[in-house]
file input-v3.pdb (PDB, C-alpha atoms, pLDDT in the B column)
ATOM      1  CA  MET A  31     -24.385 -69.818 -57.487  1.00 78.00           C
ATOM      2  CA  ARG A  32     -23.721 -66.081 -57.695  1.00 76.00           C
ATOM      3  CA  HIS A  33     -21.222 -66.053 -60.519  1.00 87.00           C
ATOM      4  CA  ARG A  34     -20.853 -62.632 -62.221  1.00 84.00           C
ATOM      5  CA  ARG A  35     -23.602 -61.005 -60.143  1.00 79.00           C
ATOM      6  CA  ALA A  36     -22.395 -57.535 -59.126  1.00 76.00           C
ATOM      7  CA  THR A  37     -25.490 -56.486 -57.170  1.00 79.00           C
ATOM      8  CA  LYS A  38     -25.506 -56.985 -53.408  1.00 87.00           C
ATOM      9  CA  LYS A  39     -28.474 -58.474 -51.610  1.00 90.00           C
ATOM     10  CA  LEU A  40     -28.621 -55.863 -48.795  1.00 92.00           C
ATOM     11  CA  ASN A  41     -30.252 -58.520 -46.543  1.00 92.00           C
ATOM     12  CA  ARG A  42     -33.429 -58.437 -48.667  1.00 93.00           C
ATOM     13  CA  ASN A  43     -35.124 -60.600 -51.233  1.00 94.00           C
ATOM     14  CA  THR A  44     -35.423 -59.463 -54.859  1.00 92.00           C
ATOM     15  CA  ALA A  45     -38.807 -57.725 -54.544  1.00 95.00           C
ATOM     16  CA  ASN A  46     -37.873 -55.745 -51.428  1.00 96.00           C
ATOM     17  CA  ARG A  47     -34.457 -54.892 -52.850  1.00 94.00           C
ATOM     18  CA  LYS A  48     -35.942 -53.532 -56.078  1.00 94.00           C
ATOM     19  CA  ALA A  49     -38.510 -51.496 -54.149  1.00 95.00           C
ATOM     20  CA  LEU A  50     -35.778 -50.051 -51.928  1.00 96.00           C
ATOM     21  CA  LEU A  51     -33.565 -49.029 -54.848  1.00 95.00           C
ATOM     22  CA  ARG A  52     -36.568 -47.616 -56.736  1.00 95.00           C
ATOM     23  CA  GLY A  53     -37.457 -45.436 -53.749  1.00 95.00           C
ATOM     24  CA  LEU A  54     -33.885 -44.199 -53.277  1.00 96.00           C
ATOM     25  CA  VAL A  55     -33.472 -43.283 -56.947  1.00 96.00           C
ATOM     26  CA  SER A  56     -36.859 -41.567 -57.144  1.00 95.00           C
ATOM     27  CA  HIS A  57     -35.982 -39.422 -54.106  1.00 95.00           C
ATOM     28  CA  LEU A  58     -32.596 -38.676 -55.651  1.00 95.00           C
ATOM     29  CA  PHE A  59     -34.226 -37.390 -58.838  1.00 94.00           C
ATOM     30  CA  MET A  60     -36.759 -35.359 -56.815  1.00 93.00           C
ATOM     31  CA  TYR A  61     -34.399 -33.668 -54.332  1.00 93.00           C
ATOM     32  CA  GLU A  62     -31.042 -34.237 -56.138  1.00 92.00           C
ATOM     33  CA  ARG A  63     -29.395 -35.177 -52.817  1.00 94.00           C
ATOM     34  CA  ILE A  64     -30.155 -37.883 -50.228  1.00 95.00           C
ATOM     35  CA  THR A  65     -28.433 -39.418 -47.181  1.00 96.00           C
ATOM     36  CA  THR A  66     -28.457 -43.174 -46.597  1.00 96.00           C
ATOM     37  CA  THR A  67     -26.070 -45.986 -45.678  1.00 96.00           C
ATOM     38  CA  HIS A  68     -22.914 -46.417 -47.727  1.00 96.00           C
ATOM     39  CA  GLN A  69     -23.869 -49.752 -49.312  1.00 95.00           C
ATOM     40  CA  LYS A  70     -27.359 -48.560 -50.263  1.00 96.00           C
ATOM     41  CA  ALA A  71     -25.915 -45.368 -51.769  1.00 96.00           C
ATOM     42  CA  LYS A  72     -23.474 -47.364 -53.937  1.00 95.00           C
ATOM     43  CA  GLU A  73     -26.202 -49.642 -55.278  1.00 95.00           C
ATOM     44  CA  ALA A  74     -28.603 -46.717 -55.874  1.00 95.00           C
ATOM     45  CA  SER A  75     -25.910 -44.763 -57.717  1.00 95.00           C
ATOM     46  CA  ILE A  76     -25.481 -47.632 -60.204  1.00 94.00           C
ATOM     47  CA  LEU A  77     -29.208 -47.678 -60.968  1.00 94.00           C
ATOM     48  CA  ALA A  78     -29.348 -43.875 -61.219  1.00 95.00           C
ATOM     49  CA  ASP A  79     -26.485 -43.842 -63.729  1.00 95.00           C
ATOM     50  CA  ARG A  80     -28.271 -46.403 -65.877  1.00 94.00           C
ATOM     51  CA  LEU A  81     -31.490 -44.372 -65.851  1.00 95.00           C
ATOM     52  CA  ILE A  82     -29.663 -41.169 -66.787  1.00 95.00           C
ATOM     53  CA  THR A  83     -28.065 -42.927 -69.777  1.00 95.00           C
ATOM     54  CA  LEU A  84     -31.550 -44.039 -70.836  1.00 94.00           C
ATOM     55  CA  GLY A  85     -32.717 -40.424 -70.508  1.00 94.00           C
ATOM     56  CA  LYS A  86     -29.937 -39.233 -72.795  1.00 93.00           C
ATOM     57  CA  LYS A  87     -31.142 -41.541 -75.606  1.00 92.00           C
ATOM     58  CA  LYS A  88     -34.629 -39.954 -75.690  1.00 89.00           C
ATOM     59  CA  THR A  89     -36.373 -42.799 -77.473  1.00 92.00           C
ATOM     60  CA  ASN A  90     -39.730 -44.423 -76.847  1.00 94.00           C
ATOM     61  CA  SER A  91     -38.134 -47.726 -75.840  1.00 95.00           C
ATOM     62  CA  SER A  92     -35.837 -46.019 -73.313  1.00 95.00           C
ATOM     63  CA  ARG A  93     -38.809 -44.104 -71.905  1.00 94.00           C
ATOM     64  CA  ARG A  94     -40.757 -47.370 -71.479  1.00 95.00           C
ATOM     65  CA  THR A  95     -37.884 -49.114 -69.707  1.00 95.00           C
ATOM     66  CA  ALA A  96     -37.422 -46.137 -67.364  1.00 95.00           C
ATOM     67  CA  LEU A  97     -41.163 -46.115 -66.657  1.00 94.00           C
ATOM     68  CA  SER A  98     -41.049 -49.829 -65.800  1.00 94.00           C
ATOM     69  CA  ILE A  99     -38.296 -49.120 -63.234  1.00 93.00           C
ATOM     70  CA  LEU A 100     -39.531 -45.873 -61.657  1.00 93.00           C
ATOM     71  CA  GLY A 101     -43.277 -46.204 -62.242  1.00 90.00           C
ATOM     72  CA  SER A 102     -43.933 -42.456 -62.206  1.00 90.00           C
ATOM     73  CA  LYS A 103     -44.547 -40.283 -65.260  1.00 93.00           C
ATOM     74  CA  VAL A 104     -43.657 -37.114 -63.361  1.00 93.00           C
ATOM     75  CA  LEU A 105     -40.188 -38.423 -62.498  1.00 94.00           C
ATOM     76  CA  ILE A 106     -39.647 -39.682 -66.055  1.00 94.00           C
ATOM     77  CA  ASN A 107     -40.519 -36.270 -67.493  1.00 94.00           C
ATOM     78  CA  LYS A 108     -38.060 -34.648 -65.079  1.00 94.00           C
ATOM     79  CA  LEU A 109     -35.404 -37.233 -65.956  1.00 94.00           C
ATOM     80  CA  PHE A 110     -35.733 -36.850 -69.735  1.00 95.00           C
ATOM     81  CA  ASP A 111     -36.380 -33.068 -69.846  1.00 93.00           C
ATOM     82  CA  ASP A 112     -34.380 -31.647 -66.932  1.00 93.00           C
ATOM     83  CA  ILE A 113     -31.757 -34.022 -65.507  1.00 93.00           C
ATOM     84  CA  SER A 114     -30.367 -35.863 -68.549  1.00 93.00           C
ATOM     85  CA  PRO A 115     -29.717 -32.660 -70.634  1.00 93.00           C
ATOM     86  CA  ARG A 116     -27.270 -31.508 -67.946  1.00 93.00           C
ATOM     87  CA  PHE A 117     -25.005 -34.503 -68.687  1.00 93.00           C
ATOM     88  CA  THR A 118     -24.785 -34.252 -72.486  1.00 91.00           C
ATOM     89  CA  THR A 119     -21.045 -33.546 -72.302  1.00 91.00           C
ATOM     90  CA  ARG A 120     -20.406 -36.360 -69.791  1.00 90.00           C
ATOM     91  CA  ASN A 121     -19.925 -40.020 -70.613  1.00 90.00           C
ATOM     92  CA  GLY A 122     -20.331 -41.215 -67.032  1.00 89.00           C
ATOM     93  CA  GLY A 123     -20.006 -40.231 -63.397  1.00 91.00           C
ATOM     94  CA  TYR A 124     -23.482 -38.748 -63.087  1.00 95.00           C
ATOM     95  CA  THR A 125     -23.705 -39.338 -59.334  1.00 95.00           C
ATOM     96  CA  ARG A 126     -21.368 -38.844 -56.391  1.00 94.00           C
ATOM     97  CA  VAL A 127     -21.088 -40.822 -53.095  1.00 96.00           C
ATOM     98  CA  MET A 128     -19.442 -39.110 -50.112  1.00 96.00           C
ATOM     99  CA  GLN A 129     -18.954 -40.768 -46.746  1.00 95.00           C
ATOM    100  CA  LEU A 130     -20.370 -38.966 -43.686  1.00 94.00           C
ATOM    101  CA  GLY A 131     -19.226 -41.154 -40.799  1.00 93.00           C
ATOM    102  CA  HIS A 132     -20.995 -43.661 -38.593  1.00 95.00           C
ATOM    103  CA  ARG A 133     -24.591 -43.546 -37.376  1.00 94.00           C
ATOM    104  CA  LYS A 134     -25.088 -43.161 -33.621  1.00 92.00           C
ATOM    105  CA  GLY A 135     -27.667 -45.902 -33.160  1.00 90.00           C
ATOM    106  CA  ASP A 136     -26.109 -48.964 -34.824  1.00 92.00           C
ATOM    107  CA  GLY A 137     -22.772 -47.602 -36.059  1.00 94.00           C
ATOM    108  CA  ALA A 138     -23.636 -48.045 -39.746  1.00 94.00           C
ATOM    109  CA  LYS A 139     -21.580 -46.138 -42.309  1.00 95.00           C
ATOM    110  CA  MET A 140     -23.562 -43.188 -43.660  1.00 96.00           C
ATOM    111  CA  ALA A 141     -23.052 -41.557 -47.044  1.00 97.00           C
ATOM    112  CA  LEU A 142     -24.397 -38.699 -49.113  1.00 96.00           C
ATOM    113  CA  LEU A 143     -25.604 -39.506 -52.616  1.00 96.00           C
ATOM    114  CA  GLU A 144     -26.074 -36.568 -54.999  1.00 95.00           C
ATOM    115  CA  LEU A 145     -25.993 -35.619 -58.647  1.00 95.00           C
ATOM    116  CA  THR A 146     -22.698 -34.179 -59.847  1.00 93.00           C
ATOM    117  CA  GLU A 147     -24.473 -31.281 -61.589  1.00 89.00           C
ATOM    118  CA  ARG A 148     -27.207 -29.911 -59.367  1.00 85.00           C
ATOM    119  CA  LYS A 149     -29.462 -27.052 -60.383  1.00 78.00           C
ATOM    120  CA  ILE A 150     -30.276 -26.121 -56.778  1.00 60.00           C
ATOM    121  CA  LEU A 151     -26.648 -25.294 -55.993  1.00 50.00           C
ATOM    122  CA  ASP A 152     -26.351 -23.100 -59.087  1.00 49.00           C
ATOM    123  CA  GLU A 153     -29.421 -21.101 -58.030  1.00 51.00           C
ATOM    124  CA  LYS A 154     -28.111 -20.628 -54.480  1.00 51.00           C
ATOM    125  CA  LYS A 155     -24.721 -19.425 -55.702  1.00 53.00           C
ATOM    126  CA  LYS A 156     -26.333 -16.505 -57.530  1.00 56.00           C
ATOM    127  CA  LYS A 157     -26.511 -13.606 -55.062  1.00 55.00           C
ATOM    128  CA  PRO A 158     -28.084 -10.182 -55.606  1.00 52.00           C
ATOM    129  CA  ALA A 159     -25.916  -7.104 -56.088  1.00 48.00           C
ATOM    130  CA  LYS A 160     -24.723  -5.077 -53.109  1.00 51.00           C
ATOM    131  CA  SER A 161     -26.681  -1.991 -54.176  1.00 47.00           C
ATOM    132  CA  SER A 162     -29.949  -3.901 -53.946  1.00 51.00           C
ATOM    133  CA  ASP A 163     -28.999  -5.076 -50.449  1.00 54.00           C
ATOM    134  CA  LYS A 164     -28.364  -1.477 -49.398  1.00 53.00           C
ATOM    135  CA  THR A 165     -31.667  -0.273 -50.819  1.00 55.00           C
ATOM    136  CA  GLU A 166     -33.511  -3.083 -49.047  1.00 58.00           C
ATOM    137  CA  LYS A 167     -31.838  -2.150 -45.752  1.00 58.00           C
ATOM    138  CA  VAL A 168     -32.742   1.536 -46.190  1.00 57.00           C
ATOM    139  CA  SER A 169     -36.356   0.706 -47.029  1.00 64.00           C
ATOM    140  CA  SER A 170     -36.609  -1.597 -44.006  1.00 69.00           C
ATOM    141  CA  GLN A 171     -35.204   1.160 -41.732  1.00 69.00           C
ATOM    142  CA  GLN A 172     -37.715   3.665 -43.105  1.00 71.00           C
ATOM    143  CA  GLU A 173     -40.573   1.265 -42.475  1.00 72.00           C
ATOM    144  CA  THR A 174     -39.456   0.738 -38.869  1.00 72.00           C
ATOM    145  CA  ASP A 175     -39.170   4.516 -38.322  1.00 70.00           C
ATOM    146  CA  THR A 176     -42.693   5.142 -39.655  1.00 72.00           C
ATOM    147  CA  LYS A 177     -44.070   2.375 -37.444  1.00 70.00           C
ATOM    148  CA  GLN A 178     -42.418   3.910 -34.353  1.00 72.00           C
ATOM    149  CA  ILE A 179     -43.814   7.370 -35.172  1.00 68.00           C
ATOM    150  CA  LYS A 180     -47.322   5.946 -35.558  1.00 67.00           C
ATOM    151  CA  LYS A 181     -47.046   4.158 -32.226  1.00 67.00           C
ATOM    152  CA  GLU A 182     -45.924   7.350 -30.450  1.00 66.00           C
ATOM    153  CA  ASP A 183     -48.809   9.318 -31.976  1.00 64.00           C
ATOM    154  CA  SER A 184     -51.312   6.668 -30.927  1.00 65.00           C
ATOM    155  CA  LYS A 185     -49.934   6.796 -27.352  1.00 62.00           C
ATOM    156  CA  GLN A 186     -50.030  10.602 -27.147  1.00 66.00           C
ATOM    157  CA  LYS A 187     -53.675  10.910 -28.285  1.00 63.00           C
ATOM    158  CA  PRO A 188     -55.259   9.008 -25.356  1.00 63.00           C
ATOM    159  CA  LEU A 189     -52.993  10.844 -22.899  1.00 60.00           C
ATOM    160  CA  ALA A 190     -54.217  14.209 -24.210  1.00 60.00           C
ATOM    161  CA  GLU A 191     -57.829  13.062 -23.948  1.00 64.00           C
ATOM    162  CA  GLU A 192     -57.311  11.912 -20.354  1.00 62.00           C
ATOM    163  CA  LYS A 193     -55.761  15.287 -19.446  1.00 60.00           C
ATOM    164  CA  LYS A 194     -58.785  17.098 -20.856  1.00 60.00           C
ATOM    165  CA  LYS A 195     -61.118  14.928 -18.789  1.00 58.00           C
ATOM    166  CA  THR A 196     -59.122  15.336 -15.552  1.00 57.00           C
ATOM    167  CA  GLN A 197     -58.868  19.146 -15.808  1.00 56.00           C
ATOM    168  CA  ILE A 198     -60.793  20.848 -12.946  1.00 53.00           C
ATOM    169  CA  PRO A 199     -63.223  23.551 -14.105  1.00 55.00           C
ATOM    170  CA  THR A 200     -62.195  27.081 -13.093  1.00 59.00           C
ATOM    171  CA  ILE A 201     -64.551  28.941 -10.667  1.00 61.00           C
ATOM    172  CA  PRO A 202     -64.724  32.756 -10.543  1.00 67.00           C
ATOM    173  CA  SER A 203     -63.602  34.618  -7.383  1.00 70.00           C
ATOM    174  CA  ALA A 204     -67.109  35.935  -6.437  1.00 71.00           C
ATOM    175  CA  THR A 205     -68.665  32.486  -6.365  1.00 77.00           C
ATOM    176  CA  ARG A 206     -65.706  31.182  -4.372  1.00 76.00           C
ATOM    177  CA  GLU A 207     -66.226  33.833  -1.660  1.00 80.00           C
ATOM    178  CA  LYS A 208     -69.944  32.990  -1.426  1.00 79.00           C
ATOM    179  CA  LEU A 209     -69.201  29.298  -1.067  1.00 82.00           C
ATOM    180  CA  GLU A 210     -66.616  29.973   1.641  1.00 82.00           C
ATOM    181  CA  GLU A 211     -69.095  32.140   3.621  1.00 84.00           C
ATOM    182  CA  LYS A 212     -71.739  29.418   3.407  1.00 83.00           C
ATOM    183  CA  GLU A 213     -69.263  26.807   4.665  1.00 85.00           C
ATOM    184  CA  LYS A 214     -68.290  29.072   7.608  1.00 83.00           C
ATOM    185  CA  GLU A 215     -71.943  29.616   8.560  1.00 85.00           C
ATOM    186  CA  LYS A 216     -72.581  25.876   8.483  1.00 83.00           C
ATOM    187  CA  ALA A 217     -69.575  25.245  10.749  1.00 82.00           C
ATOM    188  CA  LYS A 218     -70.770  27.874  13.253  1.00 80.00           C
ATOM    189  CA  SER A 219     -74.306  26.455  13.374  1.00 79.00           C
ATOM    190  CA  GLU A 220     -72.935  22.960  13.985  1.00 78.00           C
ATOM    191  CA  LYS A 221     -70.753  24.235  16.854  1.00 75.00           C
ATOM    192  CA  GLU A 222     -73.702  25.989  18.462  1.00 77.00           C
ATOM    193  CA  LYS A 223     -75.847  22.894  18.261  1.00 72.00           C
ATOM    194  CA  LEU A 224     -73.120  20.856  19.925  1.00 72.00           C
ATOM    195  CA  GLN A 225     -72.755  23.379  22.733  1.00 69.00           C
ATOM    196  CA  LYS A 226     -76.499  23.505  23.386  1.00 68.00           C
ATOM    197  CA  GLY A 227     -76.681  19.739  23.512  1.00 67.00           C
ATOM    198  CA  PHE A 228     -73.761  19.594  25.934  1.00 63.00           C
ATOM    199  CA  PHE A 229     -75.272  22.107  28.346  1.00 64.00           C
ATOM    200  CA  LYS A 230     -78.663  20.386  28.226  1.00 62.00           C
ATOM    201  CA  GLY A 231     -76.995  17.148  29.236  1.00 65.00           C
ATOM    202  CA  LEU A 232     -75.318  18.830  32.199  1.00 66.00           C
ATOM    203  CA  ARG A 233     -78.597  20.329  33.400  1.00 66.00           C
ATOM    204  CA  ARG A 234     -80.319  16.937  33.302  1.00 66.00           C
ATOM    205  CA  TYR A 235     -77.454  15.387  35.186  1.00 65.00           C
ATOM    206  CA  PHE A 236     -77.566  17.950  38.010  1.00 67.00           C
ATOM    207  CA  ARG A 237     -81.377  17.745  38.230  1.00 65.00           C
ATOM    208  CA  GLY A 238     -81.141  14.030  38.750  1.00 61.00           C
ATOM    209  CA  ARG A 239     -78.567  14.453  41.522  1.00 57.00           C
ATOM    210  CA  SER A 240     -80.652  17.080  43.326  1.00 55.00           C
ATOM    211  CA  ALA A 241     -83.759  14.891  43.222  1.00 50.00           C
TER     212      ALA A 241
END
call {"tool": "encode", "arguments": {"input": "input-v3.pdb", "output": "structure tokens"}}
result
Amino acid sequence: MRHRRATKKLNRNTANRKALLRGLVSHLFMYERITTTHQKAKEASILADRLITLGKKKTNSSRRTALSILGSKVLINKLFDDISPRFTTRNGGYTRVMQLGHRKGDGAKMALLELTERKILDEKKKKPAKSSDKTEKVSSQQETDTKQIKKEDSKQKPLAEEKKKTQIPTIPSATREKLEEKEKEKAKSEKEKLQKGFFKGLRRYFRGRSA
């Protein structure tokens, strides 16, 4: 008989159900926001509210009971020192369950379970002043300009070195004239040799015909 039993079984036995809820609550205290099915989120929110009320008492007995449920000293220190002091002015409603729609695979109802007072959201809301943004933009532009100038200088240096290497050495006019005369004499001697060889061939040819 299940008279006056508010907890749902979630298709699990007692050991698996306790382990599931312990894992959901521990992740909720670590990240302050989790996504799960709607029924699991409702059951985990009940356990999380009970643990936060234990954290607000700040006694040795409450710390022992919380340790027996969570089983982690790190999470208990965060619960008693960080999470529970946020809810000193509240008498309940420490968690929030918001529906997200149906899951694609099996069509289960999904929900978002989070703490009503989250520190992460408060830190994200704080934005730096506009002047600091402008100074950061100016500094970033200056850095990019200096990088471009360095790149251009590094490109120009090897080009200048290559130009120096490829420059043809200048020759004076007197040496040029001597070189040109030598080239002309070589061309004449080659022509004469060709002519002599040609005439010799003709003489041999006619001698053979006459014989």
call {"tool": "residues_around", "arguments": {"input": "input-v3.pdb", "residues": "Phe110 in chain A", "least_positions_apart": "5", "cutoff": "7 Å", "atoms": "only C-alpha atoms", "output": "PyMOL selection string"}}
result
chain A and resi 85-86+88
call {"tool": "atom_distance", "arguments": {"input": "input-v3.pdb", "atom1": "CA of Arg63 in chain A", "atom2": "CA of Gln129 in chain A"}}
result
13.3 Å
call {"tool": "closest_atom_pairs", "arguments": {"input": "input-v3.pdb", "of": "range 59-85 of chain A", "to": "range 32-43 of chain A", "cutoff": "12 Å", "atoms": "all atoms listed in the file", "output": "Markdown table"}}
result
| residue | atom | partner | partner_atom | distance |
| --- | --- | --- | --- | --- |
| A:Thr67 | CA | A:Leu40 | CA | 10.7 |
| A:His68 | CA | A:Leu40 | CA | 11.1 |
| A:Gln69 | CA | A:Leu40 | CA | 7.8 |
| A:Lys70 | CA | A:Leu40 | CA | 7.6 |
| A:Ala71 | CA | A:Leu40 | CA | 11.2 |
| A:Lys72 | CA | A:Lys38 | CA | 9.8 |
| A:Glu73 | CA | A:Thr37 | CA | 7.1 |
| A:Ala74 | CA | A:Thr37 | CA | 10.3 |
| A:Ser75 | CA | A:Thr37 | CA | 11.7 |
| A:Ile76 | CA | A:Thr37 | CA | 9.4 |
| A:Leu77 | CA | A:Thr37 | CA | 10.3 |
call {"tool": "write_last_selection", "arguments": {"input": "input-v3.pdb", "atoms": "C-alpha atoms", "output": "CSV table (one decimal), keeping the file's coordinate frame"}}
result
chain,number,residue,atom,x,y,z
A,67,THR,CA,-26.1,-46.0,-45.7
A,68,HIS,CA,-22.9,-46.4,-47.7
A,69,GLN,CA,-23.9,-49.8,-49.3
A,70,LYS,CA,-27.4,-48.6,-50.3
A,71,ALA,CA,-25.9,-45.4,-51.8
A,72,LYS,CA,-23.5,-47.4,-53.9
A,73,GLU,CA,-26.2,-49.6,-55.3
A,74,ALA,CA,-28.6,-46.7,-55.9
A,75,SER,CA,-25.9,-44.8,-57.7
A,76,ILE,CA,-25.5,-47.6,-60.2
A,77,LEU,CA,-29.2,-47.7,-61.0
call {"tool": "closest_residue", "arguments": {"input": "input-v3.pdb", "among": "A:Gly131, A:Ser56, A:Lys48, A:Arg148", "to": "Lys103 in chain A", "atoms": "all atoms listed in the file"}}
result
A:Ser56
call {"tool": "atom_distance", "arguments": {"input": "input-v3.pdb", "atom1": "CA of Thr95 in chain A", "atom2": "CA of Ala78 in chain A"}}
result
13.1 Å
call {"tool": "atom_distance", "arguments": {"input": "input-v3.pdb", "atom1": "CA of Leu81 in chain A", "atom2": "CA of Thr119 in chain A"}}
result
16.4 Å
call {"tool": "closest_residue", "arguments": {"input": "input-v3.pdb", "among": "A:Glu147, A:Gly137, A:Ala45, A:Leu130", "to": "Glu62 in chain A", "atoms": "all atoms listed in the file"}}
result
A:Glu147
call {"tool": "residues_around", "arguments": {"input": "input-v3.pdb", "residues": "Arg126 in chain A", "least_positions_apart": "4", "cutoff": "6 Å", "atoms": "all atoms listed in the file", "output": "PyMOL selection string"}}
result
chain A and resi 143-144+146
call {"tool": "write_last_selection", "arguments": {"input": "input-v3.pdb", "atoms": "C-alpha atoms", "output": "compact mmCIF listing (two decimals), in the frame of the given file"}}
result
# COMPACT_ATOMS: atom_id res chain seq x y z
CA LEU A 143 -25.60 -39.51 -52.62
CA GLU A 144 -26.07 -36.57 -55.00
CA THR A 146 -22.70 -34.18 -59.85
call {"tool": "closest_residue", "arguments": {"input": "input-v3.pdb", "among": "A:Leu224, A:Arg116, A:Ser92, A:Lys208", "to": "Arg80 in chain A", "atoms": "all atoms listed in the file"}}
result
A:Ser92
call {"tool": "residues_around", "arguments": {"input": "input-v3.pdb", "residues": "Lys108 in chain A", "least_positions_apart": "5", "cutoff": "9 Å", "atoms": "all atoms listed in the file", "output": "list in words"}}
result
Phe59, Met60, Lys103, Ile113 and Ser114 of chain A
call {"tool": "write_last_selection", "arguments": {"input": "input-v3.pdb", "atoms": "C-alpha atoms", "output": "CSV table (one decimal), keeping the file's coordinate frame"}}
result
chain,number,residue,atom,x,y,z
A,59,PHE,CA,-34.2,-37.4,-58.8
A,60,MET,CA,-36.8,-35.4,-56.8
A,103,LYS,CA,-44.5,-40.3,-65.3
A,113,ILE,CA,-31.8,-34.0,-65.5
A,114,SER,CA,-30.4,-35.9,-68.5
call {"tool": "resolve_selection", "arguments": {"input": "input-v3.pdb", "expression": "the PyMOL selection byres ((chain A and resi 128) around 6)", "output": "PyMOL selection string"}}
result
chain A and resi 127+129+141-142
